[in-house]
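Chemist: mmCIF, C-alpha atoms and all ligand atoms; chains and numbers go by the auth columns, saved as structure.cif, coming up:
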```cif
data_target
#
loop_
_atom_site.group_PDB
_atom_site.id
_atom_site.type_symbol
_atom_site.label_atom_id
_atom_site.label_comp_id
_atom_site.label_asym_id
_atom_site.label_seq_id
_atom_site.Cartn_x
_atom_site.Cartn_y
_atom_site.Cartn_z
_atom_site.B_iso_or_equiv
_atom_site.auth_seq_id
_atom_site.auth_asym_id
ATOM 1 C CA MET A 1 33.197 9.416 -11.039 0.00 364 P
ATOM 2 C CA ASN A 2 32.586 5.715 -10.667 0.00 365 P
ATOM 3 C CA SER A 3 32.390 5.074 -6.935 0.00 366 P
ATOM 4 C CA ASP A 4 34.068 1.679 -7.398 0.00 367 P
ATOM 5 C CA SER A 5 37.273 3.480 -8.242 0.00 368 P
ATOM 6 C CA ASP A 6 36.860 6.154 -5.602 0.00 369 P
ATOM 7 C CA LEU A 7 40.021 5.299 -3.693 0.00 370 P
ATOM 8 C CA GLN A 8 41.095 8.210 -1.570 0.00 371 P
ATOM 9 C CA ILE A 9 44.463 8.053 0.101 0.00 372 P
ATOM 10 C CA ALA A 10 45.276 9.646 3.424 0.00 373 P
ATOM 11 C CA GLY A 11 48.939 10.550 3.731 0.00 374 P
ATOM 12 C CA ASP A 12 51.824 9.079 1.805 0.00 375 P
ATOM 13 C CA ILE A 13 51.194 5.434 2.505 0.00 376 P
ATOM 14 C CA LEU A 14 50.931 4.510 -1.174 0.00 377 P
ATOM 15 C CA GLU A 15 54.109 6.234 -2.263 0.00 378 P
ATOM 16 C CA VAL A 16 55.830 2.887 -2.656 0.00 379 P
ATOM 17 C CA GLN A 17 54.043 0.971 -5.355 0.00 380 P
ATOM 18 C CA HIS A 18 53.853 -2.810 -5.270 0.00 381 P
ATOM 19 C CA LEU A 19 51.371 -3.273 -8.060 0.00 382 P
ATOM 20 C CA LEU A 20 53.668 -5.332 -10.242 0.00 383 P
ATOM 21 C CA GLN A 21 54.445 -8.003 -7.690 0.00 384 P
ATOM 22 C CA PRO A 22 52.848 -11.424 -8.170 0.00 385 P
ATOM 23 C CA ALA A 23 49.812 -12.234 -6.054 0.00 386 P
ATOM 24 C CA ARG A 24 50.588 -13.701 -2.672 0.00 387 P
ATOM 25 C CA GLU A 25 48.501 -16.012 -0.557 0.00 388 P
ATOM 26 C CA HIS A 26 48.152 -13.244 2.014 0.00 389 P
ATOM 27 C CA PRO A 27 48.270 -9.525 1.348 0.00 390 P
ATOM 28 C CA ALA A 28 51.312 -7.693 2.653 0.00 391 P
ATOM 29 C CA THR A 29 51.161 -4.257 1.042 0.00 392 P
ATOM 30 C CA VAL A 30 48.648 -1.434 1.099 0.00 393 P
ATOM 31 C CA SER A 31 47.736 -2.136 -2.516 0.00 394 P
ATOM 32 C CA GLU A 32 47.104 -5.772 -1.717 0.00 395 P
ATOM 33 C CA PHE A 33 44.988 -4.931 1.329 0.00 396 P
ATOM 34 C CA VAL A 34 42.972 -2.536 -0.827 0.00 397 P
ATOM 35 C CA GLY A 35 42.512 -5.371 -3.306 0.00 398 P
ATOM 36 C CA LEU A 36 41.522 -7.810 -0.561 0.00 399 P
ATOM 37 C CA ALA A 37 38.881 -5.368 0.663 0.00 400 P
ATOM 38 C CA ARG A 38 37.559 -4.876 -2.879 0.00 401 P
ATOM 39 C CA SER A 39 37.277 -8.611 -3.447 0.00 402 P
ATOM 40 C CA ILE A 40 35.375 -9.066 -0.181 0.00 403 P
ATOM 41 C CA ALA A 41 33.131 -6.106 -1.037 0.00 404 P
ATOM 42 C CA ALA A 42 32.246 -7.739 -4.333 0.00 405 P
ATOM 43 C CA ASP A 43 31.507 -11.082 -2.666 0.00 406 P
ATOM 44 C CA ARG A 44 28.268 -10.171 -0.884 0.00 407 P
ATOM 45 C CA ALA A 45 27.567 -13.786 0.049 0.00 408 P
ATOM 46 C CA ARG A 46 30.607 -13.634 2.288 0.00 409 P
ATOM 47 C CA TRP A 47 29.246 -10.869 4.508 0.00 410 P
ATOM 48 C CA ALA A 48 25.670 -9.765 3.784 0.00 411 P
ATOM 49 C CA ASP A 49 23.957 -12.390 5.966 0.00 412 P
ATOM 50 C CA LEU A 50 26.309 -11.692 8.867 0.00 413 P
ATOM 51 C CA VAL A 51 25.425 -8.019 9.241 0.00 414 P
ATOM 52 C CA ARG A 52 23.347 -7.009 12.239 0.00 415 P
ATOM 53 C CA TYR A 53 22.088 -3.559 13.133 0.00 416 P
ATOM 54 C CA ASP A 54 22.089 -2.512 16.759 0.00 417 P
ATOM 55 C CA SER A 55 20.672 0.854 17.667 0.00 418 P
ATOM 56 C CA ALA A 56 21.961 0.618 21.244 0.00 419 P
ATOM 57 C CA SER A 57 25.640 0.139 20.421 0.00 420 P
ATOM 58 C CA ARG A 58 27.675 -0.171 17.264 0.00 421 P
ATOM 59 C CA TRP A 59 27.762 -3.697 15.904 0.00 422 P
ATOM 60 C CA TYR A 60 31.014 -5.270 14.721 0.00 423 P
ATOM 61 C CA HIS A 61 32.224 -8.716 13.737 0.00 424 P
ATOM 62 C CA ARG A 62 35.689 -10.030 12.955 0.00 425 P
ATOM 63 C CA LEU A 63 35.259 -11.466 9.489 0.00 426 P
ATOM 64 C CA HIS A 64 38.748 -12.778 8.915 0.00 427 P
ATOM 65 C CA GLN A 65 42.124 -13.019 10.566 0.00 428 P
ATOM 66 C CA GLY A 66 45.308 -13.530 8.564 0.00 429 P
ATOM 67 C CA PRO A 67 49.003 -13.367 9.427 0.00 430 P
ATOM 68 C CA GLY A 68 49.515 -9.869 10.765 0.00 431 P
ATOM 69 C CA TYR A 69 46.113 -8.478 9.825 0.00 432 P
ATOM 70 C CA GLU A 70 42.434 -8.556 10.724 0.00 433 P
ATOM 71 C CA VAL A 71 39.287 -7.809 8.748 0.00 434 P
ATOM 72 C CA TRP A 72 36.261 -6.421 10.582 0.00 435 P
ATOM 73 C CA LEU A 73 32.689 -5.985 9.437 0.00 436 P
ATOM 74 C CA LEU A 74 30.855 -3.030 10.992 0.00 437 P
ATOM 75 C CA SER A 75 27.330 -1.692 10.780 0.00 438 P
ATOM 76 C CA TRP A 76 26.088 1.839 11.394 0.00 439 P
ATOM 77 C CA VAL A 77 22.479 2.806 11.908 0.00 440 P
ATOM 78 C CA PRO A 78 21.624 6.433 11.109 0.00 441 P
ATOM 79 C CA GLY A 79 23.265 8.730 13.625 0.00 442 P
ATOM 80 C CA GLN A 80 25.821 6.240 14.911 0.00 443 P
ATOM 81 C CA GLY A 81 29.443 7.335 14.924 0.00 444 P
ATOM 82 C CA SER A 82 32.844 6.253 16.132 0.00 445 P
ATOM 83 C CA GLY A 83 33.974 9.382 17.918 0.00 446 P
ATOM 84 C CA LEU A 84 37.325 10.926 17.045 0.00 447 P
ATOM 85 C CA HIS A 85 40.055 8.289 17.331 0.00 448 P
ATOM 86 C CA ASP A 86 43.304 6.891 16.001 0.00 449 P
ATOM 87 C CA HIS A 87 44.275 3.248 15.541 0.00 450 P
ATOM 88 C CA GLY A 88 47.345 2.883 17.725 0.00 451 P
ATOM 89 C CA GLY A 89 50.151 1.291 15.730 0.00 452 P
ATOM 90 C CA SER A 90 47.845 -0.104 13.068 0.00 453 P
ATOM 91 C CA ALA A 91 47.458 1.035 9.497 0.00 454 P
ATOM 92 C CA GLY A 92 44.197 0.294 7.779 0.00 455 P
ATOM 93 C CA VAL A 93 41.867 0.309 4.846 0.00 456 P
ATOM 94 C CA LEU A 94 38.242 1.364 5.253 0.00 457 P
ATOM 95 C CA THR A 95 35.779 0.319 2.559 0.00 458 P
ATOM 96 C CA VAL A 96 32.092 1.241 2.462 0.00 459 P
ATOM 97 C CA LEU A 97 30.143 -1.893 1.533 0.00 460 P
ATOM 98 C CA GLU A 98 26.667 -0.438 1.679 0.00 461 P
ATOM 99 C CA GLY A 99 25.120 2.960 2.295 0.00 462 P
ATOM 100 C CA GLU A 100 27.067 6.132 2.930 0.00 463 P
ATOM 101 C CA LEU A 101 29.373 7.235 5.724 0.00 464 P
ATOM 102 C CA THR A 102 30.942 10.574 6.548 0.00 465 P
ATOM 103 C CA GLU A 103 34.565 10.794 7.591 0.00 466 P
ATOM 104 C CA ARG A 104 35.664 13.832 9.578 0.00 467 P
ATOM 105 C CA THR A 105 39.281 14.795 10.086 0.00 468 P
ATOM 106 C CA GLU A 106 41.047 18.008 11.002 0.00 469 P
ATOM 107 C CA ARG A 107 40.951 18.814 7.273 0.00 470 P
ATOM 108 C CA GLY A 108 37.172 18.651 7.129 0.00 471 P
ATOM 109 C CA ALA A 109 34.435 16.186 6.239 0.00 472 P
ATOM 110 C CA ARG A 110 34.120 13.922 3.225 0.00 473 P
ATOM 111 C CA SER A 111 31.287 11.717 2.136 0.00 474 P
ATOM 112 C CA LEU A 112 32.141 8.060 1.490 0.00 475 P
ATOM 113 C CA GLY A 113 29.581 6.336 -0.698 0.00 476 P
ATOM 114 C CA THR A 114 29.239 2.637 -1.396 0.00 477 P
ATOM 115 C CA GLY A 115 32.547 1.357 -2.789 0.00 478 P
ATOM 116 C CA ALA A 116 34.629 4.257 -1.467 0.00 479 P
ATOM 117 C CA GLN A 117 37.923 3.260 0.148 0.00 480 P
ATOM 118 C CA ARG A 118 40.295 5.071 2.484 0.00 481 P
ATOM 119 C CA ALA A 119 43.784 3.837 3.288 0.00 482 P
ATOM 120 C CA PHE A 120 45.468 5.302 6.333 0.00 483 P
ATOM 121 C CA ALA A 121 48.783 5.061 8.144 0.00 484 P
ATOM 122 C CA PRO A 122 49.381 4.504 11.869 0.00 485 P
ATOM 123 C CA GLY A 123 48.524 7.636 13.824 0.00 486 P
ATOM 124 C CA TYR A 124 45.822 8.792 11.414 0.00 487 P
ATOM 125 C CA VAL A 125 43.020 10.522 13.340 0.00 488 P
ATOM 126 C CA HIS A 126 39.440 10.518 12.136 0.00 489 P
ATOM 127 C CA GLU A 127 35.814 10.197 13.096 0.00 490 P
ATOM 128 C CA VAL A 128 33.365 8.114 11.098 0.00 491 P
ATOM 129 C CA VAL A 129 29.627 8.709 11.357 0.00 492 P
ATOM 130 C CA ASN A 130 26.512 7.689 9.520 0.00 493 P
ATOM 131 C CA ASP A 131 24.918 11.041 8.795 0.00 494 P
ATOM 132 C CA SER A 132 22.497 9.505 6.314 0.00 495 P
ATOM 133 C CA LEU A 133 18.960 8.241 6.857 0.00 496 P
ATOM 134 C CA GLU A 134 19.798 4.657 5.844 0.00 497 P
ATOM 135 C CA PRO A 135 21.912 2.000 7.590 0.00 498 P
ATOM 136 C CA ALA A 136 25.481 1.570 6.365 0.00 499 P
ATOM 137 C CA VAL A 137 27.969 -1.307 6.371 0.00 500 P
ATOM 138 C CA SER A 138 31.734 -0.995 6.221 0.00 501 P
ATOM 139 C CA LEU A 139 34.765 -3.262 6.066 0.00 502 P
ATOM 140 C CA HIS A 140 37.936 -2.428 7.980 0.00 503 P
ATOM 141 C CA VAL A 141 41.319 -4.063 7.421 0.00 504 P
ATOM 142 C CA TYR A 142 43.913 -3.399 10.124 0.00 505 P
ATOM 143 C CA TYR A 143 47.574 -4.370 9.943 0.00 506 P
ATOM 144 C CA PRO A 144 48.792 -5.221 12.410 0.00 507 P
ATOM 145 C CA GLY A 145 45.485 -6.178 14.026 0.00 508 P
ATOM 146 C CA LEU A 146 43.875 -3.452 16.078 0.00 509 P
ATOM 147 C CA THR A 147 45.016 -3.612 19.693 0.00 510 P
ATOM 148 C CA GLU A 148 43.979 -0.146 20.815 0.00 511 P
ATOM 149 C CA MET A 149 41.852 2.675 19.529 0.00 512 P
ATOM 150 C CA PRO A 150 42.628 5.775 21.581 0.00 513 P
ATOM 151 C CA MET A 151 39.841 8.310 21.598 0.00 514 P
ATOM 152 C CA HIS A 152 40.593 11.981 20.986 0.00 515 P
ATOM 153 C CA ALA A 153 38.687 14.856 22.466 0.00 516 P
ATOM 154 C CA THR A 154 36.729 16.962 20.017 0.00 517 P
ATOM 155 C CA GLN A 155 36.281 20.640 20.845 0.00 518 P
ATOM 156 C CA ALA A 156 32.738 19.993 22.004 0.00 519 P
ATOM 157 C CA ALA A 157 33.758 16.915 23.971 0.00 520 P
ATOM 158 C CA ALA A 158 36.676 18.774 25.518 0.00 521 P
ATOM 159 C CA ALA A 159 34.318 21.446 26.808 0.00 522 P
ATOM 160 C CA THR A 160 32.113 18.772 28.302 0.00 523 P
ATOM 161 C CA ALA A 161 35.128 17.007 29.758 0.00 524 P
ATOM 162 C CA VAL A 162 35.994 20.084 31.809 0.00 525 P
ATOM 163 C CA ASP A 163 32.618 19.742 33.518 0.00 526 P
ATOM 164 C CA ALA A 164 32.956 15.990 33.909 0.00 527 P
ATOM 165 C CA ALA A 165 36.612 15.944 34.913 0.00 528 P
ATOM 166 C CA HIS A 166 35.911 14.144 38.151 0.00 529 P
ATOM 167 C CA ALA A 167 33.530 11.619 36.681 0.00 530 P
ATOM 168 C CA ALA A 168 35.390 10.201 33.702 0.00 531 P
ATOM 169 C CA ASP A 169 38.737 8.554 33.026 0.00 532 P
ATOM 170 C CA PRO A 170 40.282 10.595 30.201 0.00 533 P
ATOM 171 C CA THR A 171 42.645 7.751 29.344 0.00 534 P
ATOM 172 C CA ALA A 172 39.840 5.329 28.616 0.00 535 P
ATOM 173 C CA VAL A 173 40.364 3.387 25.397 0.00 536 P
ATOM 174 C CA ASP A 174 37.553 2.232 23.151 0.00 537 P
ATOM 175 C CA THR A 175 38.567 -0.964 21.389 0.00 538 P
ATOM 176 C CA VAL A 176 35.522 -1.131 19.143 0.00 539 P
ATOM 177 C CA PRO A 177 37.050 -1.023 15.660 0.00 540 P
ATOM 178 C CA ALA A 178 36.323 1.948 13.449 0.00 541 P
HETATM 179 FE FE FE B . 39.012 4.450 12.383 0.00 601 B
#
```
As structure tokens - that is how I would like this structure written.
Modeler:
Amino acid sequence: MNSDSDLQIAGDILEVQHLLQPAREHPATVSEFVGLARSIAADRARWADLVRYDSASRWYHRLHQGPGYEVWLLSWVPGQGSGLHDHGGSAGVLTVLEGELTERTERGARSLGTGAQRAFAPGYVHEVVNDSLEPAVSLHVYYPGLTEMPMHATQAAAATAVDAAHAADPTAVDTVPA
């Protein structure tokens, strides 16, 4: 399969097709956000020189802000991951620009190579991690813009949380996009 066409849809967000509508100045449908992400992915000059890799904490940069949506550029050194999270009231499109990422959900893990895209609805829960030996870069469109990213306990983290119940705030919210 050509990875450029490796669009994998989470949920029913694409049930309503808008592919025949004329192009708008700003995207307003899932299909148009997918297209926006693809056009940015293809335009390396727009993002390649901006990418930084930070082994201490995940690096991210807001690449673009439009009416009702935001586009973030993220980097992942080997071993870095987002933790299990949702995106509050935001829907989104994740596109791998470079390298390979692994997405884990309650349904299992899937490998996302360069060019792979995932569209997800509000409430979608996943964890993204760079399990490879090379750095990775990804592009994340959120609509509306990401205002919260609640973390979810994994089974392993939940076991640890029992031990650390007095030391941590379980309601803490990580707003780093992912
Ligand atoms: Fe995410």
Chemist: Please indicate the distance in Å from atom CA of P:Leu509 to atom CA of P:Gln443, rounded to one decimal place.
Modeler: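 Atom CA of P:Gln443 lies 20.5 Å from atom CA of P:Leu509.
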Chemist: Taking (44.7, -17.8, 5.9) in the file's own coordinates, collect the residues within 12 Å, counting all atoms listed in the file, and hand them back as a ChimeraX atom specification.
Modeler: /P:387-390,426-434
Chemist: Store the residues picked out above, limited to C-alpha atoms, as an mmCIF file, in the coordinates of the input.
Modeler:
```cif
data_model
loop_
_atom_site.group_PDB
_atom_site.id
_atom_site.type_symbol
_atom_site.label_atom_id
_atom_site.label_comp_id
_atom_site.auth_asym_id
_atom_site.auth_seq_id
_atom_site.Cartn_x
_atom_site.Cartn_y
_atom_site.Cartn_z
ATOM 1 C CA ARG P 387 50.588 -13.701 -2.672
ATOM 2 C CA GLU P 388 48.501 -16.012 -0.557
ATOM 3 C CA HIS P 389 48.152 -13.244 2.014
ATOM 4 C CA PRO P 390 48.270 -9.525 1.348
ATOM 5 C CA LEU P 426 35.259 -11.466 9.489
ATOM 6 C CA HIS P 427 38.748 -12.778 8.915
ATOM 7 C CA GLN P 428 42.124 -13.019 10.566
ATOM 8 C CA GLY P 429 45.308 -13.530 8.564
ATOM 9 C CA PRO P 430 49.003 -13.367 9.427
ATOM 10 C CA GLY P 431 49.515 -9.869 10.765
ATOM 11 C CA TYR P 432 46.113 -8.478 9.825
ATOM 12 C CA GLU P 433 42.434 -8.556 10.724
ATOM 13 C CA VAL P 434 39.287 -7.809 8.748
#
```
Chemist: Using all atoms listed in the file, which residue out of P:Leu496, P:Val459, P:Val488, P:Val504 lies closest to P:Leu399?
Modeler: P:Val504
Chemist: Please return as JSON, numbers by chain the residues found within 7 Å of ligand FE 601 (chain B), counting all atoms listed in the file.
Modeler: {"P": [448, 449, 450, 489, 490, 491, 540, 541]}
Chemist: Create the file for the chosen residues now, containing C-alpha atoms and written as a tab-separated table (two decimals), in the frame of the given file.
Modeler:
```
chain	number	residue	atom	x	y	z
P	448	HIS	CA	40.06	8.29	17.33
P	449	ASP	CA	43.30	6.89	16.00
P	450	HIS	CA	44.28	3.25	15.54
P	489	HIS	CA	39.44	10.52	12.14
P	490	GLU	CA	35.81	10.20	13.10
P	491	VAL	CA	33.36	8.11	11.10
P	540	PRO	CA	37.05	-1.02	15.66
P	541	ALA	CA	36.32	1.95	13.45
```
Chemist: Between atom CA of P:Arg470 and atom CA of P:Ala391, measure the distance and give it in Å to one decimal.
Modeler: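 Separating atom CA of P:Arg470 from atom CA of P:Ala391 is a distance of 28.8 Å.
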Chemist: As an exercise, work out the distance from atom CA of P:Pro441 to atom CA of P:Asp406 in Å and give it to one decimal place.
Modeler: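 So the two atoms, atom CA of P:Pro441 and atom CA of P:Asp406, lie 24.4 Å apart.
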Chemist: Expand the PyMOL selection byres (((chain P and resi 467) around 12) and not hetatm) into the individual residues it matches in the shown file, reporting them as an NGL selection string.
Modeler: :P and (444-448 or 464-466 or 468-475 or 487-494 or 517)
Chemist: On this structure, the PyMOL selection byres (((chain P and resi 407-423) around 7) and not hetatm) would catch which residues? List them as number ranges by chain, sorted by chain and number.
Modeler: P: 404-406, 424-425, 435-440
Chemist: Just so the selection is clear, what residues does the PyMOL selection byres (((chain P and resi 455) around 6) and not hetatm) cover here, as a VMD selection string?
Modeler: chain P and resid 454 456 482 to 483 504 to 505
Chemist: Enclose the full set of atoms of stretch 462-470 of chain P listed in the file within a box whose edges lie along x, y and z, apply 4 Å of padding to each of the six sides, and report centre and edge lengths in Å to one decimal as lines of an AutoDock Vina configuration file.
Modeler:
```
center_x = 33.1
center_y = 10.9
center_z = 6.6
size_x = 23.9
size_y = 23.9
size_z = 16.7
```
